[in-house]
Amino acid sequence: MENKVWEIQGSFGIQNLKENTRELSSDLGPTDVLVRLTATSLNYRDFLMVEGTYNPRQKLPLIPCSDGAGIVESVGDSVTLWKKGDRVLPIFASRWLDGAPNMDVLRSTLGGPNDGCLANFGKFSETALVATPSHLTDVEAATLGCAGLTAYNAVVSFGNIEPGSDVVCLGTGGVSLFALQFAKAMGARVILTSSSDEKLEKGKALGADVLINYSKKPNWERDIRKHTNMAGADLIIEVGGAGTMPKSTMSVKPYGTIALIGVLAGGESSLSLYPILMQGIKVQGVIVGSRSDFLRMNRAIEQNGIKPVVDRVFPWKEAPQAFDYLKMGKHFGKVAIAWG
């Protein structure tokens, strides 16, 4: 059968993201599931992969995009979890089912090194899928696999927060807004930062309690201290990386947690370790999560009626434009592509 795809061809760069048709065998192994994909969302990792920054040794051609949503077309003879017509979401790392991953598991990720979800069809093991939350559209659900699950683990699994805790969400990208929603669902107070007053007001509508425009208040770590009675925040959702990490170490309370998720402001710098050591700060890298984590998150999303924030949806033919839009950094929430 023919499978229309977008793939990085020849060399890296958005300009080399091209449409193609691949032949996809309709034969399924005993535990295989054929999924007709309908939507994807873009993560910063996807952009770095297309540009060749994430892994310059990545073999090409590559179908990008780690997130996806779709409908089961057919199943292998031994499949018991799914049937034709089920709405499903692929997991980020197909072999990461539970617990802590090993390096082999971390090599089973979609959108690099393995082909991703910017395709009409995909074959997955039955255990590499989870059910789509019933109250979400495919576009909304296609944001969950990476950004949603990363935020969930940062807040719920590693954040050590409770009702009344102070959580700082840096920026208004997909992970930060998911973290805002999960933190509010747990009864925390959320401090949101952005360089845009307009985005901050949108964040307030989602439940953010304290708004800080860091372009107007470059010493935003001082404001966080003031808003926490000089105690510091319990949890920082750190998506900036090297560029913001020093301020995060000054914003968090002793024995608090910095969930290190992104490197939007740089991946390398000289960082003083004294605050981390002398205040017992926990720096926790967060790399998405397992299938079991995904299932727990989806239950929480359904029970709390959480709706992902989607900034803009591009049609299939405009996939490169979607990456260009993500690169501009003007989005509030997630950027998606839908082709249904």
# chains A, B, ... in the order shown; residues from 1 in each chain; ligands from 1

$ residues_around --residues "Ile281 in chain A" --least-positions-apart "2" --cutoff "7 Å" --atoms "only C-alpha atoms" --output "ChimeraX atom specification"
/A:254-257,276-277,279,283

$ residues_around --residues "Thr127 in chain A" --least-positions-apart "5" --cutoff "12 Å" --atoms "only C-alpha atoms" --output "list in words"
Thr31, Asp32, Val33, Ser78, Val79, Thr80, Leu81, Trp82, Val88, Leu89, Pro90, Ile91, Phe92, Ala93, Ser94, Arg95, Trp96, Leu97, Asp98, Ser290, Arg291, Ser292, Phe294 and Leu295 of chain A

$ residues_around --residues "range 111-121 of chain A" --least-positions-apart "5" --cutoff "6 Å" --atoms "only C-alpha atoms" --output "ChimeraX atom specification"
/A:3-6,35-37,62-66,68

$ write_last_selection --atoms "N, CA and C atoms" --output "mmCIF file, in the first residue's frame"
data_model
loop_
_atom_site.group_PDB
_atom_site.id
_atom_site.type_symbol
_atom_site.label_atom_id
_atom_site.label_comp_id
_atom_site.auth_asym_id
_atom_site.auth_seq_id
_atom_site.Cartn_x
_atom_site.Cartn_y
_atom_site.Cartn_z
ATOM 1 N N ASN A 3 2.039 4.919 1.154
ATOM 2 C CA ASN A 3 2.037 5.702 2.377
ATOM 3 C C ASN A 3 2.646 7.067 2.076
ATOM 4 N N LYS A 4 1.823 8.103 2.061
ATOM 5 C CA LYS A 4 2.344 9.454 1.839
ATOM 6 C C LYS A 4 3.008 9.946 3.116
ATOM 7 N N VAL A 5 4.206 10.514 2.943
ATOM 8 C CA VAL A 5 4.985 10.948 4.097
ATOM 9 C C VAL A 5 5.641 12.296 3.798
ATOM 10 N N TRP A 6 6.048 12.970 4.869
ATOM 11 C CA TRP A 6 7.015 14.060 4.778
ATOM 12 C C TRP A 6 8.308 13.513 5.340
ATOM 13 N N VAL A 35 -2.015 1.796 11.930
ATOM 14 C CA VAL A 35 -2.757 2.983 12.350
ATOM 15 C C VAL A 35 -2.799 3.988 11.206
ATOM 16 N N ARG A 36 -4.005 4.475 10.894
ATOM 17 C CA ARG A 36 -4.133 5.588 9.961
ATOM 18 C C ARG A 36 -3.960 6.863 10.768
ATOM 19 N N LEU A 37 -2.838 7.533 10.582
ATOM 20 C CA LEU A 37 -2.526 8.726 11.345
ATOM 21 C C LEU A 37 -3.316 9.912 10.817
ATOM 22 N N LEU A 62 14.475 10.619 6.893
ATOM 23 C CA LEU A 62 13.789 10.405 8.161
ATOM 24 C C LEU A 62 12.432 11.085 8.138
ATOM 25 N N ILE A 63 11.400 10.349 8.541
ATOM 26 C CA ILE A 63 10.080 10.946 8.767
ATOM 27 C C ILE A 63 10.101 11.555 10.157
ATOM 28 N N PRO A 64 9.927 12.879 10.284
ATOM 29 C CA PRO A 64 10.010 13.514 11.599
ATOM 30 C C PRO A 64 8.709 13.409 12.386
ATOM 31 N N CYS A 65 8.746 13.963 13.586
ATOM 32 C CA CYS A 65 7.613 14.140 14.509
ATOM 33 C C CYS A 65 7.418 12.940 15.443
ATOM 34 N N SER A 66 7.620 13.213 16.718
ATOM 35 C CA SER A 66 7.511 12.173 17.737
ATOM 36 C C SER A 66 6.080 11.946 18.203
ATOM 37 N N GLY A 68 1.811 11.807 17.649
ATOM 38 C CA GLY A 68 0.817 11.512 16.627
ATOM 39 C C GLY A 68 -0.495 11.063 17.237
#

$ select_by_dssp --residues "range 66-137 of chain A" --states "alpha helix (DSSP H)" --output "number ranges by chain"
A: 103-106

$ write_last_selection --atoms "all heavy atoms" --output "short mmCIF file (atom, residue, chain, number, x, y, z; two decimals), in the first residue's frame"
data_model
loop_
_atom_site.label_atom_id
_atom_site.label_comp_id
_atom_site.auth_asym_id
_atom_site.auth_seq_id
_atom_site.Cartn_x
_atom_site.Cartn_y
_atom_site.Cartn_z
N MET A 103 19.50 2.41 27.82
CA MET A 103 19.89 3.05 26.57
C MET A 103 19.23 2.40 25.36
O MET A 103 18.92 3.08 24.38
CB MET A 103 21.41 3.02 26.42
CG MET A 103 22.15 3.91 27.41
SD MET A 103 21.55 5.63 27.39
CE MET A 103 21.97 6.12 25.71
N ASP A 104 18.98 1.11 25.43
CA ASP A 104 18.31 0.44 24.31
C ASP A 104 16.89 0.98 24.15
O ASP A 104 16.44 1.24 23.03
CB ASP A 104 18.28 -1.07 24.55
CG ASP A 104 17.56 -1.80 23.41
OD1 ASP A 104 18.05 -1.75 22.27
OD2 ASP A 104 16.50 -2.41 23.67
N VAL A 105 16.20 1.16 25.26
CA VAL A 105 14.85 1.71 25.22
C VAL A 105 14.86 3.12 24.64
O VAL A 105 14.00 3.49 23.83
CB VAL A 105 14.24 1.72 26.64
CG1 VAL A 105 13.04 2.65 26.73
CG2 VAL A 105 13.84 0.31 27.05
N LEU A 106 15.86 3.91 25.02
CA LEU A 106 15.92 5.30 24.55
C LEU A 106 16.29 5.41 23.07
O LEU A 106 16.22 6.49 22.50
CB LEU A 106 16.92 6.09 25.40
CG LEU A 106 16.51 6.31 26.85
CD1 LEU A 106 17.57 7.08 27.60
CD2 LEU A 106 15.16 7.02 26.94
#

$ residues_around --residues "range 315-331 of chain A" --least-positions-apart "2" --cutoff "10 Å" --atoms "only C-alpha atoms" --output "NGL selection string"
:A and (5-6 or 13-19 or 38-44 or 46-48 or 50 or 118-120 or 172-174 or 196 or 199 or 264 or 310-313 or 333-340)

$ closest_residue --among "A:Pro163, A:Gly148, A:Gly241, A:Gly207" --to "Phe178 in chain A" --atoms "only C-alpha atoms"
A:Gly148

$ closest_residue --among "A:Gly187, A:Gly70, A:Pro101, A:Gly29" --to "Gly164 in chain A" --atoms "only C-alpha atoms"
A:Gly187

$ residues_around --residues "Leu28 in chain A" --least-positions-apart "6" --cutoff "10 Å" --atoms "only C-alpha atoms" --output "list in words"
Leu34, Ser74, Val75, Gly76, Asp77, Lys123, Phe124 and Ser125 of chain A

$ residues_around --residues "range 285-287 of chain A" --least-positions-apart "4" --cutoff "7 Å" --atoms "only C-alpha atoms" --output "list in words"
Thr150, Ala154, Ala259, Leu260 and Ile261 of chain A

$ closest_residue --among "A:Lys184, A:Arg45, A:Arg296, A:Lys247" --to "Lys204 in chain A" --atoms "only C-alpha atoms"
A:Lys184

$ select_by_dssp --residues "range 10-82 of chain A" --states "strand (DSSP E or B)" --output "number ranges by chain"
A: 17-23, 32-42, 62, 69-75
